[in-house]
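> See coords_28.txt below, with compact mmCIF, C-alpha atoms and all ligand atoms.
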# COMPACT_ATOMS: atom_id res chain seq x y z
CA MET A 112 35.04 95.91 91.03
CA GLU A 113 37.05 99.07 90.50
CA GLN A 114 36.40 102.46 88.92
CA ILE A 115 39.06 103.91 86.61
CA ASN A 116 38.04 107.28 85.17
CA GLY A 117 34.65 106.59 83.59
CA VAL A 118 35.29 102.88 83.29
CA ARG A 119 34.02 100.25 85.70
CA LYS A 120 36.13 97.12 85.87
CA PHE A 121 34.74 93.71 86.87
CA ARG A 122 37.33 91.09 87.63
CA LEU A 123 35.69 87.69 87.31
CA ALA A 124 36.92 84.24 88.24
CA ARG A 125 35.54 80.90 89.25
CA SER A 126 36.45 80.33 92.85
CA ILE A 127 37.30 76.98 94.31
CA LEU A 128 37.61 76.85 98.11
CA GLU A 129 37.11 80.63 98.05
CA ARG A 130 40.14 81.22 95.87
CA GLY A 131 39.69 82.71 92.42
CA PHE A 132 41.53 81.08 89.51
CA TYR A 133 42.39 82.49 86.09
CA SER A 134 40.35 85.65 86.25
CA THR A 135 39.07 87.45 83.21
CA THR A 136 37.91 91.04 83.14
CA ALA A 137 34.79 92.72 81.83
CA TYR A 138 34.44 96.49 81.59
CA TRP A 139 31.43 98.79 81.62
CA VAL A 140 31.78 102.18 79.99
CA ASP A 141 28.98 104.63 79.11
CA GLY A 142 26.31 101.94 78.72
CA MET A 143 28.58 99.48 76.91
CA MET A 144 29.96 96.22 78.25
CA VAL A 145 33.30 95.08 76.89
CA ASP A 146 33.24 91.28 77.36
CA THR A 147 31.04 89.45 79.84
CA GLY A 148 33.14 86.81 81.62
CA CYS A 149 32.71 83.06 81.90
CA ALA A 150 29.69 80.85 82.62
CA TYR A 151 30.49 80.51 86.32
CA THR A 152 30.43 84.27 86.97
CA VAL A 153 27.28 85.29 85.09
CA ARG A 154 25.10 85.57 88.19
CA GLU A 155 27.62 87.74 90.05
CA LEU A 156 28.11 89.95 87.01
CA VAL A 157 24.35 90.49 86.67
CA THR A 158 24.10 91.35 90.39
CA SER A 159 27.08 93.70 90.21
CA LEU A 160 25.51 95.57 87.30
CA LYS A 161 22.38 96.52 89.25
CA GLY A 162 21.82 100.25 88.82
CA TYR A 163 23.72 100.35 85.52
CA GLN A 164 22.23 100.54 82.06
CA VAL A 165 23.62 98.20 79.42
CA ASP A 166 22.72 99.29 75.88
CA ARG A 167 25.28 97.22 74.02
CA ILE A 168 27.84 94.51 74.55
CA VAL A 169 31.06 94.18 72.59
CA ASN A 170 33.02 90.94 72.67
CA THR A 171 36.73 91.37 72.01
CA HIS A 172 36.74 87.74 70.81
CA SER A 173 34.74 84.55 71.12
CA HIS A 174 36.70 82.71 73.82
CA GLU A 175 34.46 81.16 76.47
CA ASP A 176 35.74 83.41 79.26
CA HIS A 177 34.69 86.58 77.40
CA ILE A 178 31.17 85.87 76.09
CA ALA A 179 29.25 83.85 78.68
CA GLY A 180 27.29 86.75 80.21
CA ASN A 181 25.99 87.87 76.78
CA ALA A 182 22.74 85.89 76.89
CA ALA A 183 21.75 86.97 80.42
CA LEU A 184 22.49 90.65 79.72
CA GLN A 185 20.68 90.44 76.38
CA ASN A 186 17.62 89.09 78.21
CA ILE A 187 17.67 91.70 80.97
CA TYR A 188 18.57 94.82 79.01
CA GLY A 189 17.70 93.90 75.42
CA ALA A 190 21.27 94.88 74.62
CA ASP A 191 22.81 94.32 71.19
CA VAL A 192 25.84 92.05 71.12
CA LEU A 193 28.51 93.20 68.68
CA ALA A 194 31.52 91.14 67.64
CA HIS A 195 33.75 90.36 64.69
CA PRO A 196 31.77 88.49 61.98
CA MET A 197 33.91 85.37 62.52
CA ALA A 198 32.88 85.29 66.20
CA LEU A 199 29.13 85.20 65.52
CA PRO A 200 28.75 81.46 64.75
CA VAL A 201 30.65 80.66 67.97
CA LEU A 202 28.40 82.94 70.03
CA ALA A 203 25.32 81.24 68.55
CA ASP A 204 26.53 77.70 69.23
CA PRO A 205 29.55 77.56 71.52
CA LYS A 206 29.33 73.79 72.13
CA LYS A 207 29.47 72.90 68.46
CA ARG A 208 31.76 75.64 67.18
CA GLN A 209 34.26 75.80 70.01
CA PRO A 210 34.39 72.53 71.96
CA LEU A 211 36.21 72.99 75.24
CA ARG A 212 38.99 70.90 76.71
CA LEU A 213 38.47 69.48 80.16
CA TYR A 214 40.49 72.25 81.86
CA GLN A 215 38.41 74.89 80.07
CA GLN A 216 35.18 73.25 81.19
CA LEU A 217 36.51 73.17 84.73
CA MET A 218 37.70 76.80 84.82
CA TRP A 219 35.17 78.62 82.60
CA GLY A 220 32.40 76.29 81.40
CA TYR A 221 30.22 76.49 78.29
CA PRO A 222 28.56 79.84 77.57
CA THR A 223 24.82 80.00 76.94
CA PRO A 224 24.28 80.78 73.22
CA SER A 225 23.78 84.42 72.33
CA TRP A 226 22.92 86.27 69.15
CA GLY A 227 25.42 88.82 67.94
CA LYS A 228 25.63 91.31 65.10
CA ALA A 229 28.70 92.04 63.02
CA ILE A 230 30.55 95.01 64.48
CA GLY A 231 31.34 97.88 62.11
CA ASP A 232 34.38 100.16 62.01
CA PHE A 233 33.09 102.23 64.95
CA VAL A 234 30.94 101.78 68.04
CA GLU A 235 29.22 104.85 69.44
CA THR A 236 27.93 105.34 72.97
CA ASP A 237 26.32 108.52 74.34
CA HIS A 238 29.65 110.22 75.08
CA HIS A 239 32.29 108.21 73.22
CA ARG A 240 33.20 106.94 69.80
CA PHE A 241 35.34 103.80 69.68
CA GLU A 242 37.37 102.67 66.70
CA VAL A 243 37.27 98.94 66.07
CA ILE A 244 40.68 97.47 65.29
CA HIS A 245 41.03 93.91 64.04
CA THR A 246 43.88 92.30 65.95
CA PRO A 247 44.09 88.58 65.10
CA GLY A 248 46.63 86.13 66.54
CA HIS A 249 45.22 85.23 69.94
CA SER A 250 42.15 84.28 67.89
CA SER A 251 41.21 85.13 64.32
CA ASP A 252 38.13 87.08 65.47
CA HIS A 253 39.98 89.28 67.98
CA ILE A 254 39.30 93.03 68.02
CA CYS A 255 40.38 95.97 70.17
CA LEU A 256 38.42 99.16 70.86
CA TYR A 257 40.22 102.50 70.77
CA GLU A 258 38.75 105.76 72.06
CA PRO A 259 40.99 108.51 70.58
CA ASP A 260 39.72 111.42 72.73
CA GLU A 261 40.29 109.64 76.03
CA ARG A 262 43.15 107.59 74.51
CA TRP A 263 41.77 104.36 75.96
CA LEU A 264 42.42 100.95 74.44
CA PHE A 265 40.31 97.93 75.38
CA SER A 266 42.68 95.21 74.29
CA GLY A 267 41.01 91.89 75.19
CA ASP A 268 43.64 89.17 75.28
CA LEU A 269 46.02 90.75 72.76
CA PHE A 270 48.47 92.03 75.33
CA VAL A 271 49.43 90.16 78.49
CA GLY A 272 52.39 91.34 80.54
CA GLY A 273 55.50 89.26 81.14
CA ARG A 274 57.66 87.21 78.83
CA ASP A 275 55.71 84.48 77.07
CA ARG A 276 57.17 81.01 77.47
CA ALA A 277 54.11 79.10 76.29
CA LEU A 278 51.37 79.42 73.70
CA ARG A 279 48.01 77.79 73.12
CA ALA A 280 47.98 75.35 70.19
CA ASP A 281 45.66 77.52 68.08
CA TYR A 282 47.33 80.91 68.59
CA ASN A 283 49.50 82.42 65.86
CA ILE A 284 52.53 84.21 67.30
CA TRP A 285 53.34 86.10 64.08
CA LEU A 286 49.83 87.54 63.85
CA ILE A 287 50.06 88.47 67.55
CA ILE A 288 53.26 90.43 66.82
CA THR A 289 51.65 92.17 63.82
CA SER A 290 48.58 93.07 65.91
CA LEU A 291 50.74 94.36 68.77
CA LYS A 292 52.57 96.60 66.26
CA LYS A 293 49.20 97.91 65.08
CA VAL A 294 48.22 99.02 68.60
CA ALA A 295 51.74 100.24 69.45
CA ALA A 296 51.23 102.87 66.74
CA LEU A 297 48.26 104.33 68.67
CA ASP A 298 48.52 107.08 71.25
CA ILE A 299 47.28 105.18 74.34
CA ARG A 300 46.89 106.73 77.78
CA ILE A 301 45.16 103.81 79.52
CA LEU A 302 45.14 100.15 78.51
CA PHE A 303 42.19 98.04 79.68
CA PRO A 304 43.16 94.41 79.01
CA GLY A 305 41.29 91.16 79.57
CA SER A 306 43.89 90.22 82.17
CA GLY A 307 42.62 93.08 84.36
CA THR A 308 46.03 94.71 84.85
CA VAL A 309 45.09 98.23 83.79
CA ARG A 310 48.15 100.20 82.64
CA GLN A 311 48.80 103.92 82.27
CA ASN A 312 50.96 104.89 79.27
CA PRO A 313 51.48 101.30 78.11
CA ARG A 314 53.49 102.13 74.97
CA ASP A 315 56.88 101.10 76.40
CA ALA A 316 55.43 97.84 77.75
CA ILE A 317 53.88 97.01 74.37
CA ILE A 318 57.07 97.87 72.48
CA GLY A 319 59.13 95.86 74.99
CA LYS A 320 56.85 92.90 74.40
CA ILE A 321 57.17 93.19 70.61
CA GLU A 322 60.97 93.33 70.89
CA TYR A 323 61.06 90.30 73.19
CA LEU A 324 58.82 88.28 70.86
CA LYS A 325 60.79 89.27 67.74
CA GLU A 326 64.12 88.44 69.35
CA LEU A 327 62.81 85.11 70.64
CA GLY A 328 61.55 84.34 67.12
CA GLU A 329 64.96 85.06 65.61
CA ARG A 330 66.68 82.78 68.13
CA ILE A 331 64.13 79.99 67.58
CA LEU A 332 64.47 80.16 63.78
CA ALA A 333 68.28 80.16 64.04
CA LEU A 334 68.23 76.94 66.09
CA TYR A 335 65.64 75.42 63.77
CA ARG A 336 67.91 76.09 60.79
CA GLN A 337 70.69 74.28 62.67
CA GLY A 338 68.43 71.22 62.72
CA LEU A 339 67.23 71.19 66.34
CA SER A 340 63.80 69.69 67.07
CA TYR A 341 60.95 71.75 68.56
CA VAL A 342 61.48 70.15 71.97
CA GLN A 343 65.25 70.73 71.86
CA ILE A 344 64.67 74.39 70.97
CA ARG A 345 62.10 74.75 73.75
CA ARG A 346 64.49 73.25 76.31
CA LYS A 347 67.35 75.46 75.21
CA LEU A 348 65.50 78.79 75.03
CA LEU A 349 62.44 78.46 77.24
CA GLY A 350 63.51 75.91 79.84
CA PRO A 351 61.22 73.22 81.23
CA GLU A 352 57.51 73.26 80.47
CA MET A 353 55.51 75.44 82.84
CA LEU A 354 52.88 74.03 85.21
CA ILE A 355 50.14 75.25 82.85
CA ALA A 356 51.38 72.79 80.20
CA TYR A 357 50.49 69.87 82.50
CA PHE A 358 47.24 71.41 83.72
CA THR A 359 46.06 71.95 80.13
CA LEU A 360 47.41 68.57 78.95
CA GLY A 361 49.69 70.29 76.46
CA HIS A 362 47.12 72.68 74.97
CA PHE A 363 49.16 75.57 76.34
CA ASN A 364 52.88 74.88 76.30
CA GLY A 365 56.34 75.98 75.23
CA LYS A 366 56.53 73.59 72.31
CA ASN A 367 53.46 75.27 70.75
CA LEU A 368 55.25 78.61 70.98
CA VAL A 369 58.27 77.16 69.15
CA ARG A 370 56.01 75.45 66.61
CA SER A 371 54.05 78.64 65.86
CA TYR A 372 57.26 80.62 65.28
CA ILE A 373 58.37 77.98 62.78
CA GLU A 374 55.18 76.82 61.08
CA ASP A 375 53.16 80.05 61.07
CA ARG A 376 55.94 82.35 59.86
CA PRO A 377 54.79 84.43 56.90
CA ASP A 378 57.78 83.54 54.68
CA ARG A 379 57.67 79.81 55.40
CA LYS A 380 59.04 77.81 52.49
CA GLU A 381 61.24 75.08 53.96
CA PRO A 382 59.73 71.69 54.69
CA ILE A 383 59.05 71.11 58.36
CA PRO A 384 61.11 68.33 59.93
CA CYS A 385 59.43 65.83 62.21
CA SER A 386 59.87 66.77 65.86
ZN ZN B 1 41.12 84.65 74.87
What is this file in structure tokens?

Amino acid sequence: MEQINGVRKFRLARSILERGFYSTTAYWVDGMMVDTGCAYTVRELVTSLKGYQVDRIVNTHSHEDHIAGNAALQNIYGADVLAHPMALPVLADPKKRQPLRLYQQLMWGYPTPSWGKAIGDFVETDHHRFEVIHTPGHSSDHICLYEPDERWLFSGDLFVGGRDRALRADYNIWLIITSLKKVAALDIRILFPGSGTVRQNPRDAIIGKIEYLKELGERILALYRQGLSYVQIRRKLLGPEMLIAYFTLGHFNGKNLVRSYIEDRPDRKEPIPCS
């Protein structure tokens, strides 16, 4: 736990042999939770929130490591759960609507179903008014929350630092770039991301990320037009697959990043060669 201005940060991870793996972050601000972690950390989250009031919960998206505490907090506090309309069927029936791969079951587990309401254009707490910004790409139901007076952005999994060399099979890299451009246009003083790496004045980092992703896309499309296969392009530009590609049995790998640049591009017309 950490306090940053009026925001309380909860970094949550399943621990194996006392070591935490793949943490996700939930935030409490002025009676509102932003995300609620994974199934394995619900009990600790509930304990850590003792003494706090939770009036509402906002899910930045419906991934299993962001929604699993919803049901418990709904029961304890009677809090409303607010999310993008596309996220609501997943919240209500995670097993059916979003079946998990083995690695996801191991790291995060299935959330208990929860009942959400469609979020509007704004969310109001006692002292703040947050704008809801639809930012698809990481998932189609992804939103960010922007507080213009404090210049805070709660960005879920839209922005992760570093240079991406892999992508999950169901992410859309072009929508991620468009969504990053949307938030880069905001005046942000503090970024509160799902990764937990809180950043002051993140504009340069976000713009640097957009430039890297655009440049990588141009290089990938140039090689594709020369007739290289997805794997050949991945080897040439991204190097060998990262460890995560093996751990996730290919769900998260470099080839998916290449594929998304080619197959999800907005102006796609050419037939896709077999790779
Ligand atoms: Zn996610």
> Check every protein, DNA and RNA residue against ligand ZN 1 (chain B), keep those with an atom at most 9 Å away (counting only C-alpha atoms and all ligand atoms), and present them as a ChimeraX atom specification.
/A:171-177,249-250,253,267-269,305
> Report as a PyMOL selection string all protein, DNA and RNA residues lying within 12 Å of Glu329 of chain A, evaluated on only C-alpha atoms, omitting residues in the same chain fewer than 2 positions from it.
chain A and resi 285+322-327+331-336+344+348+369+372-373+376
> Please indicate the distance in Å from atom CA of Asn186 of chain A to atom CA of Glu113 of chain A, rounded to one decimal place.
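Atom CA of Glu113 of chain A lies 25.1 Å from atom CA of Asn186 of chain A.
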> Quick check, in Å to one decimal: how far apart do atom CA of Phe265 of chain A and atom CA of Asn170 of chain A lie?
10.5 Å
> With 12 Å as the cut-off and all atoms listed in the file counted, what is the closest atom pair between each nearby residue of segment 169-237 of chain A and segment 119-133 of chain A? Distances in Å to one decimal, ordered by chain and number, as CSV.

residue,atom,partner,partner_atom,distance
A:Asp176,CA,A:Ala124,CA,9.1
A:His177,CA,A:Leu123,CA,10.0
A:Ala179,CA,A:Leu123,CA,11.4
A:Gly180,CA,A:Leu123,CA,11.0
A:Tyr214,CA,A:Tyr133,CA,11.2
A:Gln215,CA,A:Tyr133,CA,10.5
A:Gln216,CA,A:Arg125,CA,11.1
A:Leu217,CA,A:Arg125,CA,9.0
A:Met218,CA,A:Arg125,CA,6.4
A:Trp219,CA,A:Arg125,CA,7.0
A:Gly220,CA,A:Arg125,CA,9.6
> Find the nearest atom pair between each residue of segment 133-218 of chain A and segment 225-242 of chain A for residues within 10 Å, count all atoms listed in the file, give distances in Å to one decimal, sort rows by chain and ascending number, and present the table as JSON lines.

{"residue": "A:Val140", "atom": "CA", "partner": "A:Thr236", "partner_atom": "CA", "distance": 8.6}
{"residue": "A:Asp141", "atom": "CA", "partner": "A:Thr236", "partner_atom": "CA", "distance": 6.3}
{"residue": "A:Gly142", "atom": "CA", "partner": "A:Thr236", "partner_atom": "CA", "distance": 6.9}
{"residue": "A:Met143", "atom": "CA", "partner": "A:Thr236", "partner_atom": "CA", "distance": 7.1}
{"residue": "A:Asp166", "atom": "CA", "partner": "A:Thr236", "partner_atom": "CA", "distance": 8.5}
{"residue": "A:Arg167", "atom": "CA", "partner": "A:Thr236", "partner_atom": "CA", "distance": 8.6}
{"residue": "A:Ile168", "atom": "CA", "partner": "A:Gly227", "partner_atom": "CA", "distance": 9.1}
{"residue": "A:Val169", "atom": "CA", "partner": "A:Ile230", "partner_atom": "CA", "distance": 8.2}
{"residue": "A:Asn170", "atom": "CA", "partner": "A:Gly227", "partner_atom": "CA", "distance": 9.2}
{"residue": "A:Ile178", "atom": "CA", "partner": "A:Ser225", "partner_atom": "CA", "distance": 8.4}
{"residue": "A:Ala179", "atom": "CA", "partner": "A:Ser225", "partner_atom": "CA", "distance": 8.4}
{"residue": "A:Gly180", "atom": "CA", "partner": "A:Ser225", "partner_atom": "CA", "distance": 8.9}
{"residue": "A:Asn181", "atom": "CA", "partner": "A:Ser225", "partner_atom": "CA", "distance": 6.0}
{"residue": "A:Ala182", "atom": "CA", "partner": "A:Ser225", "partner_atom": "CA", "distance": 4.9}
{"residue": "A:Ala183", "atom": "CA", "partner": "A:Ser225", "partner_atom": "CA", "distance": 8.7}
{"residue": "A:Leu184", "atom": "CA", "partner": "A:Ser225", "partner_atom": "CA", "distance": 9.8}
{"residue": "A:Gln185", "atom": "CA", "partner": "A:Ser225", "partner_atom": "CA", "distance": 7.9}
{"residue": "A:Asn186", "atom": "CA", "partner": "A:Ser225", "partner_atom": "CA", "distance": 9.7}
{"residue": "A:Ala190", "atom": "CA", "partner": "A:Gly227", "partner_atom": "CA", "distance": 9.9}
{"residue": "A:Asp191", "atom": "CA", "partner": "A:Gly227", "partner_atom": "CA", "distance": 6.9}
{"residue": "A:Val192", "atom": "CA", "partner": "A:Gly227", "partner_atom": "CA", "distance": 4.6}
{"residue": "A:Leu193", "atom": "CA", "partner": "A:Lys228", "partner_atom": "CA", "distance": 5.0}
{"residue": "A:Ala194", "atom": "CA", "partner": "A:Ile230", "partner_atom": "CA", "distance": 5.1}
{"residue": "A:His195", "atom": "CA", "partner": "A:Ala229", "partner_atom": "CA", "distance": 5.6}
{"residue": "A:Pro196", "atom": "CA", "partner": "A:Ala229", "partner_atom": "CA", "distance": 4.8}
{"residue": "A:Met197", "atom": "CA", "partner": "A:Ala229", "partner_atom": "CA", "distance": 8.5}
{"residue": "A:Ala198", "atom": "CA", "partner": "A:Gly227", "partner_atom": "CA", "distance": 8.4}
{"residue": "A:Leu199", "atom": "CA", "partner": "A:Gly227", "partner_atom": "CA", "distance": 5.7}
{"residue": "A:Pro200", "atom": "CA", "partner": "A:Gly227", "partner_atom": "CA", "distance": 8.7}
{"residue": "A:Val201", "atom": "CA", "partner": "A:Ser225", "partner_atom": "CA", "distance": 9.0}
{"residue": "A:Leu202", "atom": "CA", "partner": "A:Ser225", "partner_atom": "CA", "distance": 5.4}
{"residue": "A:Ala203", "atom": "CA", "partner": "A:Ser225", "partner_atom": "CA", "distance": 5.2}
{"residue": "A:Asp204", "atom": "CA", "partner": "A:Ser225", "partner_atom": "CA", "distance": 7.9}
{"residue": "A:Pro205", "atom": "CA", "partner": "A:Ser225", "partner_atom": "CA", "distance": 9.0}
> Could you check how far atom CA of Val153 of chain A sits from atom CA of Ala280 of chain A, in Å to one decimal?
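Computing the Euclidean distance for atom CA of Val153 of chain A and atom CA of Ala280 of chain A yields 27.4 Å.
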> Nearest to Asp260 of chain A among A:Phe358, A:Gln114, A:Arg300, A:Ser134, with distances taken over all atoms listed in the file: which residue is it?
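Smallest separation from Asp260 of chain A among the options: A:Arg300.
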> Around (55.3, 80.7, 68.3) in the file's own coordinates, what residues are found within 8 Å if you use all atoms listed in the file, given back as a list in words?
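I get Leu278, Tyr282, Asn283, Ile284, Trp285, Gly328, Asn367, Leu368, Val369, Arg370, Ser371, Tyr372, Ile373 and Asp375 of chain A for the residues within 8 Å of that point.
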> Point out the residue among A:Leu297, A:Met353, A:Ile187, A:Leu264 with the least atom-to-atom distance to Arg310 of chain A, counting all atoms listed in the file.
A:Leu264
> Determine the nearest neighbour of Thr223 of chain A from the options A:Leu256, A:Leu360, A:Ala150, A:Ile244, counting all atoms listed in the file.
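That would be A:Ala150, the residue with the smallest distance to Thr223 of chain A.
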> Return the single residue from A:Ala356, A:Thr308, A:Arg154, A:Lys207 that is closest to Thr135 of chain A, with distances computed using only C-alpha atoms.
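For Thr135 of chain A, the nearest of the given residues is A:Thr308.
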> Return the single residue from A:Ser306, A:Tyr257, A:Asp281, A:Gly272 that is closest to Gly148 of chain A, with distances computed using all atoms listed in the file.
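Among the listed residues, the smallest separation from Gly148 of chain A belongs to A:Ser306.
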